[in-house]
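Participant: What follows is a single structure, and I will ask about it in a moment.
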Amino acid sequence: MAEVLVVVDASGGTVRKVTLEMLTMARALGEPSAVVLGAPGTAAPLTAALGEYGAAKVYVAEHDDLDGFLVAPKAEVLAALVAEKSPAAVLLSSGQEGKEIAGRLAVKLGNGLLTDVSALDADGTATQSVFAGSWVVKSKVTTGVPLVTVRPNSLTPEAAPAAAEQVGVEVAVSDKAKKVAVVERVTAQKSARPELTEASVVVSGGRGVGSAENFALVEELADLLGGAVGASRAATDGGFYPHKYQVGQTGSTVSPQLYIALGISGAIQHRAGMQTAKRIVAVNKDDEAPIFDLADFGVVGDLFKVVPQAVEGIKNRR
Amino acid sequence: MNIVVLVKQVPDSGAERSLAGDGWSVDRSGGTNVINEMDEYAIEEALRLKDETGAQVTLLTVGPDHAVDSIRKALSMGPDAAVHVSDEAVAGSDALGTAKVIAAALGTLEYDLILSGAESTDGGVQVLPHLLAELLDIAALTGARKVTVEDGGLLVERQTEDGYEVLRASGKAIVSVWDTINTPRYPSLKGIMAAKRKPVTTLTLADLGVDAATVGRSGAATTVLSAEPRPARGAGVKVADNGDGGDQLVAYLTAEKFV
Ligand SMILES: Cc1cc2nc3c(=O)[nH]c(=O)nc-3n(C[C@H](O)[C@H](O)[C@H](O)COP(=O)(O)OP(=O)(O)OC[C@H]3O[C@@H](n4cnc5c(N)ncnc54)[C@H](O)[C@@H]3O)c2cc1C
C-alpha cells in the first residue's frame with residue numbers, strides 16, 4: 001500500500017489532536033507514516049499515540065538545529081525524505097508552521113500545495129474552505145506529490161492500532177537553512193483549558209462583556225462546558241482578554257462542535273473565524289445583531305442575566 | 001536601507017465576496033477594492049523605519065490595471081515609489097505562481113528588507129514569505145509584533161501559541177507583520193497631493209523575463225474541480241429573554257448533548 005507521510009504537530013510532549021485527525025484522514029489514501037521533526041527527545045513521548053492512530057512507521061528526525069532555527073531546516077529534512085520515499089501525499093497541520101513548511105516544500109519539489117483542507121477523498125480530491133468558510137472548493141494537485149495542510153477539527157480521529165516502528169532519519173542542516181535563529185522562547189503560563197483551535201467547545205466574549213473582570217463569567221461557562229475561551233477584537237483591543245485568544249480574520253480560526261458568542265455583534269471579520277462551527281449559540285441584547293443570522297440558537301437578552309442563569313442551570317444538572 | 005512593501009488590492013472584506021464565474025479566482029472586477037487591511041501595518045512599519053533611518057520605501061504590487069487606485073492611496077501614506085506588475089497572464093495563479101512573479105519583480109529592485117501583511121483578507125494562504133525566501137534565498141519571518149533593525153540583520157518578536165519568541169535574522173529578510181505591531185497613520189492632505197507625483201513603474205511579465213506559461217492557471221500545480229458558496233445555515237431558533245432565557249439556553253445545550 002502507498003505510504004502517506006503525516007508531519008506530526010505536537011506541543012509539550014503531547015500530540016495535537018489535528019495529528020490524530022491527519023492519521024485518520026491519511027488512511028483514505030494509503031498507509032500513514034508519521035514524521036517527527038524536532039530537538040533530540042521529541043519523538044519518544046509521542047510514539048504510543050501515533051501508533052494507536054495508525055502510524056505504521058515513525059520517522060524520527062531529531063537535531064538541535066531543527067528547533068534552534070526557524071522552519072527552513074524542517075523543510076530541508078522533509079524534502080529529502082519525500083524525495084527518498086515518494087509518498088502518495090504529505091499531510092501537515094494548517095497552523096502557521098505547517099503551512100510554512102508546506103510552502104517551502106512546494107518550491108523545493110515543484111509540487112502542488114492545498115491549504116486548509118477539511119476532507120480528502122481516496123482519489124486525492126480535497127475539500128477546502130475559502131473566504132473564511134463562506135465558499136467550499138474542491139481541488140486536486142496535478143503536479144508531483146500532493147502537499148496538503150489539514151484544518152484542525154475537520155473530522156473525528158479514529159484509532160487503528162499499528163506498529164509505529166521507529167526509523168531514524170539522518171539530519172544535516174545546510175547553512176542556507178540557518179538564516180533565522182531563535183534567540184529566546186518565552187512560555188506564558190499554560191492555561192488548563194483546551195487550546196482554542198482544538199477545542200470542541202469555544203465560548204467567546206465581545207464588547208458587550210464590558211470589562212476584564214466580567215470575562216470571569218465567560219470563563220465560568222467555558223469551564224462548565226469543558227471549552228476554550230475566545231474573544232472578539234473589540235474585547236482584545238479593549239484589554240478585556242489577551243490578544244492571542246482573538247477569534248476572527250486577524251485572530252484564530254476555530255471550527256468547534258459548539259461556539260457560543262456572548263455580547264458579540266457578529267461583524268464579518270469575526271464570522272471569518274467561527275462560521276464553520278457545527279453549532280452556533282448567541283446571546284445578545286440587540287435583536288438585530290448580525291450574529292443571529294448564523295445562530296442555531298439565539299437568546300435576545302442581557303448576557304449578565306442570561307449567562308448566570310445558564311451557569312446555575314448547568315450546575316444543577318450535575 | 002531599502003525597504004520594499006508588498007501590497008495587494010483585495011475585495012473589501014466588509015462586503016460580500018465571491019469567486020469569479022470560472023471558480024478559479026477571486027472576483028476582483030466589481031465592488032469596492034481596497035488595500036489589504038493588514039498591508040497597511042506593513043506600510044506603517046516601513047515608514048517608521050524610514051522616519052528612524054531614512055530608508056527608501058518602495059511598494060510592490062501584482063494585480064490588474066485598476067490596482068493603481070489602491071497604489072496611489074497607499075503612496076499617500078508616505079512611501080517613495082511603487083512598482084506595479086500588471087499582466088493578464090498572471091490571473092489564476094496559485095500561491096507559487098504569484099510568488100514567482102513577485103520574486104522576479106524583486107529581482108529588479110534594490111532591497112534589504114521586504115515587509116508584508118501577515119495575512120490577506122482574500123485568498124491568503126499565509127505562505128508567501130516562505131515561498132519568496134526559498135526562491136530568493138533570503139530569511140523569512142512571519143507574524144511579527146515588533147521589528148528592530150540591527151547591524152547585519154533584524155530582531156523580531158512574535159506571539160506564539162504558548163507565549164512569544166524573539167528571533168534573529170541575518171542578511172536580507174522578508175518579514176510579515178501582525179496588526180498588533182503599530183497603528184497605521186492616516187494620509188495627510190499633503191501626502192495625498194504628493195502621491196500624485198510619485199513614480200509608479202508598470203511592468204509586464206515580458207519585462208520581468210517570466211515565461212507566462214509558468215504562472216497563471218496553466219502554471220498552477222493544482223486544479224479546481226468545483227467551487228460553491230457554502231449552503232446557508234438553516235434558520236435557527238431565536239428566543240427573547242423573559243426571565244427564563246438562561247434556562248432555555250440550558251435546555252438547548254442539553255438537547256444537543258453539550259450538557
Ligand atoms: C482588518 C480588520 C480585521 C479584523 N479582525 C477581527 C478579528 O479577527 N476578530 C474580530 O472579532 N473582529 C475583527 N475585526 C473587527 C470587527 O470589524 C468588529 O469591530 C469586532 O468584531 C466587533 O467586536 P464585538 O462584536 O465584540 O463588538 P461590537 O460590534 O461593539 O458588538 C458588541 C455587541 O454586544 C452586544 N451587547 C452589549 N451589551 C450587552 C449585554 N449586556 N448583553 C448582551 N449583549 C450585549 C451589543 O448589542 C453588540 O451587538 C477586524 C476589523 C478589521 C478592519
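All residue names refer to the C-alpha cells as shown: chains lettered A, B, ... in order, residues numbered from 1 in each chain, ligands numbered from 1 in order.
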Check every protein, DNA and RNA residue against ligand 1, keep those with an atom at most 6 Å away (counting only C-alpha atoms and all ligand atoms), and present them as a PyMOL selection string.
Facilitator: (chain A and resi 206-208+232-235+246-251+263-267+269-270+283-286+289+301-304) or (chain B and resi 37)
Participant: Write out as a list in words which residues come within 6 Å of A:Leu29 when counting only C-alpha atoms, dropping same-chain ones fewer than 2 positions away.
Facilitator: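 Residues meeting the cut-off are Ala26, Arg27 and Ala122 of chain A.
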Participant: Using only C-alpha atoms, which protein or nucleic acid residues come within 10 Å of A:Val82? Drop anything in the same chain fewer than 3 positions from it, and give the result as a short mmCIF file (atom, residue, chain, number, x, y, z; two decimals) with all heavy atoms, in the first residue's frame.
Facilitator:
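Written out: selection36.cif:
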data_model
loop_
_atom_site.label_atom_id
_atom_site.label_comp_id
_atom_site.auth_asym_id
_atom_site.auth_seq_id
_atom_site.Cartn_x
_atom_site.Cartn_y
_atom_site.Cartn_z
N VAL A 4 1.75 7.32 3.10
CA VAL A 4 1.34 8.72 3.22
C VAL A 4 2.08 9.31 4.41
O VAL A 4 1.99 8.76 5.51
CB VAL A 4 -0.19 8.85 3.44
CG1 VAL A 4 -0.59 10.32 3.55
CG2 VAL A 4 -0.96 8.17 2.31
N LEU A 5 2.81 10.39 4.19
CA LEU A 5 3.55 10.98 5.29
C LEU A 5 2.69 11.99 6.04
O LEU A 5 2.07 12.86 5.44
CB LEU A 5 4.82 11.68 4.79
CG LEU A 5 5.89 10.79 4.13
CD1 LEU A 5 7.11 11.63 3.76
CD2 LEU A 5 6.30 9.64 5.04
N VAL A 77 14.88 18.85 5.71
CA VAL A 77 14.90 17.43 6.08
C VAL A 77 13.71 16.71 5.45
O VAL A 77 13.84 15.61 4.90
CB VAL A 77 14.86 17.29 7.63
CG1 VAL A 77 14.67 15.83 8.02
CG2 VAL A 77 16.12 17.86 8.24
N LEU A 78 12.55 17.36 5.51
CA LEU A 78 11.35 16.73 4.97
C LEU A 78 11.44 16.56 3.46
O LEU A 78 11.03 15.53 2.91
CB LEU A 78 10.13 17.58 5.36
CG LEU A 78 8.76 16.94 5.15
CD1 LEU A 78 8.62 15.64 5.93
CD2 LEU A 78 7.65 17.91 5.58
N ALA A 79 12.00 17.55 2.77
CA ALA A 79 12.13 17.47 1.31
C ALA A 79 12.97 16.25 0.93
O ALA A 79 12.64 15.51 -0.01
CB ALA A 79 12.75 18.74 0.76
N LYS A 85 11.21 8.71 -0.34
CA LYS A 85 10.09 7.77 -0.15
C LYS A 85 9.02 7.87 -1.23
O LYS A 85 8.18 6.97 -1.34
CB LYS A 85 9.41 8.00 1.21
CG LYS A 85 10.34 7.91 2.41
CD LYS A 85 10.83 6.48 2.62
CE LYS A 85 11.91 6.45 3.68
NZ LYS A 85 12.65 5.17 3.69
N SER A 86 8.98 8.96 -2.00
CA SER A 86 7.89 9.19 -2.97
C SER A 86 6.53 8.78 -2.42
O SER A 86 5.87 7.89 -2.97
CB SER A 86 8.12 8.42 -4.27
OG SER A 86 9.36 8.67 -4.78
N PRO A 87 6.07 9.40 -1.36
CA PRO A 87 4.79 9.03 -0.77
C PRO A 87 3.61 9.43 -1.67
O PRO A 87 3.79 10.22 -2.60
CB PRO A 87 4.76 9.83 0.53
CG PRO A 87 5.60 11.03 0.26
CD PRO A 87 6.69 10.55 -0.66
N ALA A 88 2.42 8.89 -1.35
CA ALA A 88 1.22 9.24 -2.12
C ALA A 88 0.80 10.68 -1.82
O ALA A 88 0.17 11.33 -2.65
CB ALA A 88 0.08 8.29 -1.78
N ALA A 89 1.12 11.16 -0.63
CA ALA A 89 0.81 12.53 -0.25
C ALA A 89 1.57 12.87 1.02
O ALA A 89 2.04 11.97 1.72
CB ALA A 89 -0.69 12.72 -0.01
N VAL A 90 1.69 14.17 1.31
CA VAL A 90 2.25 14.63 2.58
C VAL A 90 1.20 15.49 3.25
O VAL A 90 0.69 16.44 2.65
CB VAL A 90 3.54 15.46 2.37
CG1 VAL A 90 4.14 15.86 3.72
CG2 VAL A 90 4.56 14.69 1.54
N LEU A 105 8.31 23.30 0.86
CA LEU A 105 8.40 22.03 0.13
C LEU A 105 7.91 22.21 -1.31
O LEU A 105 8.48 21.65 -2.24
CB LEU A 105 7.52 20.98 0.80
CG LEU A 105 8.06 20.20 1.98
CD1 LEU A 105 7.10 19.07 2.31
CD2 LEU A 105 9.43 19.62 1.67
N LEU A 109 10.30 21.11 -4.28
CA LEU A 109 9.99 19.91 -5.05
C LEU A 109 9.14 20.22 -6.29
O LEU A 109 8.89 19.33 -7.10
CB LEU A 109 9.24 18.91 -4.17
CG LEU A 109 9.94 18.50 -2.86
CD1 LEU A 109 8.98 17.74 -1.95
CD2 LEU A 109 11.17 17.66 -3.16
N VAL A 145 3.94 15.12 -5.81
CA VAL A 145 3.33 14.58 -4.59
C VAL A 145 2.44 15.65 -3.97
O VAL A 145 2.91 16.75 -3.70
CB VAL A 145 4.43 14.19 -3.58
CG1 VAL A 145 3.81 13.69 -2.28
CG2 VAL A 145 5.37 13.16 -4.18
#
Participant: Could the residues of chain A that have an atom at most 6 Å from chain B be listed as JSON lines, each with its closest atom pair and the distance in Å to one decimal, counting only C-alpha atoms and ordered by chain and ascending residue number?
Facilitator:
{"residue": "A:Glu100", "atom": "CA", "partner": "B:Val127", "partner_atom": "CA", "distance": 5.4}
{"residue": "A:Gly103", "atom": "CA", "partner": "B:Val127", "partner_atom": "CA", "distance": 5.7}
{"residue": "A:Arg104", "atom": "CA", "partner": "B:Leu131", "partner_atom": "CA", "distance": 5.7}
{"residue": "A:Gly112", "atom": "CA", "partner": "B:Ala221", "partner_atom": "CA", "distance": 4.4}
{"residue": "A:Ser134", "atom": "CA", "partner": "B:Arg230", "partner_atom": "CA", "distance": 5.3}
{"residue": "A:Trp135", "atom": "CA", "partner": "B:Pro229", "partner_atom": "CA", "distance": 4.2}
{"residue": "A:Val136", "atom": "CA", "partner": "B:Glu228", "partner_atom": "CA", "distance": 5.3}
{"residue": "A:Val137", "atom": "CA", "partner": "B:Ala227", "partner_atom": "CA", "distance": 4.3}
{"residue": "A:Lys138", "atom": "CA", "partner": "B:Ser226", "partner_atom": "CA", "distance": 5.2}
{"residue": "A:Ser139", "atom": "CA", "partner": "B:Val224", "partner_atom": "CA", "distance": 4.2}
{"residue": "A:Lys140", "atom": "CA", "partner": "B:Thr223", "partner_atom": "CA", "distance": 5.3}
{"residue": "A:Val141", "atom": "CA", "partner": "B:Thr222", "partner_atom": "CA", "distance": 4.2}
{"residue": "A:Thr142", "atom": "CA", "partner": "B:Thr222", "partner_atom": "CA", "distance": 5.1}
{"residue": "A:Thr143", "atom": "CA", "partner": "B:Ala221", "partner_atom": "CA", "distance": 5.0}
{"residue": "A:Lys179", "atom": "CA", "partner": "B:Ala139", "partner_atom": "CA", "distance": 5.4}
{"residue": "A:Val180", "atom": "CA", "partner": "B:Ala169", "partner_atom": "CA", "distance": 4.4}
{"residue": "A:Ala181", "atom": "CA", "partner": "B:Arg168", "partner_atom": "CA", "distance": 5.2}
{"residue": "A:Val182", "atom": "CA", "partner": "B:Leu167", "partner_atom": "CA", "distance": 4.6}
{"residue": "A:Val183", "atom": "CA", "partner": "B:Leu167", "partner_atom": "CA", "distance": 5.2}
{"residue": "A:Glu184", "atom": "CA", "partner": "B:Val166", "partner_atom": "CA", "distance": 5.0}
{"residue": "A:Arg185", "atom": "CA", "partner": "B:Glu165", "partner_atom": "CA", "distance": 4.4}
{"residue": "A:Val186", "atom": "CA", "partner": "B:Tyr164", "partner_atom": "CA", "distance": 5.3}
{"residue": "A:Thr187", "atom": "CA", "partner": "B:Gly163", "partner_atom": "CA", "distance": 4.5}
{"residue": "A:Ala188", "atom": "CA", "partner": "B:Gly163", "partner_atom": "CA", "distance": 4.7}
{"residue": "A:Ala295", "atom": "CA", "partner": "B:Gly236", "partner_atom": "CA", "distance": 5.8}
{"residue": "A:Asp296", "atom": "CA", "partner": "B:Gly236", "partner_atom": "CA", "distance": 4.0}
{"residue": "A:Phe297", "atom": "CA", "partner": "B:Val237", "partner_atom": "CA", "distance": 4.9}
{"residue": "A:Gly298", "atom": "CA", "partner": "B:Lys238", "partner_atom": "CA", "distance": 4.5}
{"residue": "A:Val299", "atom": "CA", "partner": "B:Val239", "partner_atom": "CA", "distance": 5.0}
{"residue": "A:Val300", "atom": "CA", "partner": "B:Ala240", "partner_atom": "CA", "distance": 4.6}
{"residue": "A:Gly301", "atom": "CA", "partner": "B:Asp241", "partner_atom": "CA", "distance": 5.1}
{"residue": "A:Val306", "atom": "CA", "partner": "B:Gly246", "partner_atom": "CA", "distance": 4.3}
{"residue": "A:Val307", "atom": "CA", "partner": "B:Gly246", "partner_atom": "CA", "distance": 5.9}
{"residue": "A:Gln309", "atom": "CA", "partner": "B:Gly246", "partner_atom": "CA", "distance": 4.8}
{"residue": "A:Ala310", "atom": "CA", "partner": "B:Gly246", "partner_atom": "CA", "distance": 4.2}
Participant: In stretch 16-254 of chain A, what's strand (DSSP E) per DSSP? Answer as JSON, numbers by chain?
Facilitator: {"A": [31, 32, 33, 34, 35, 36, 37, 38, 57, 58, 59, 60, 61, 62, 89, 90, 91, 92, 93, 113, 114, 115, 116, 117, 118, 119, 120, 126, 127, 128, 129, 130, 135, 136, 137, 138, 139, 140, 141, 147, 148, 149, 150, 165, 166, 167, 168, 180, 181, 182, 183, 184, 185, 186, 187, 201, 202, 203, 204, 205, 228, 229, 230, 231]}
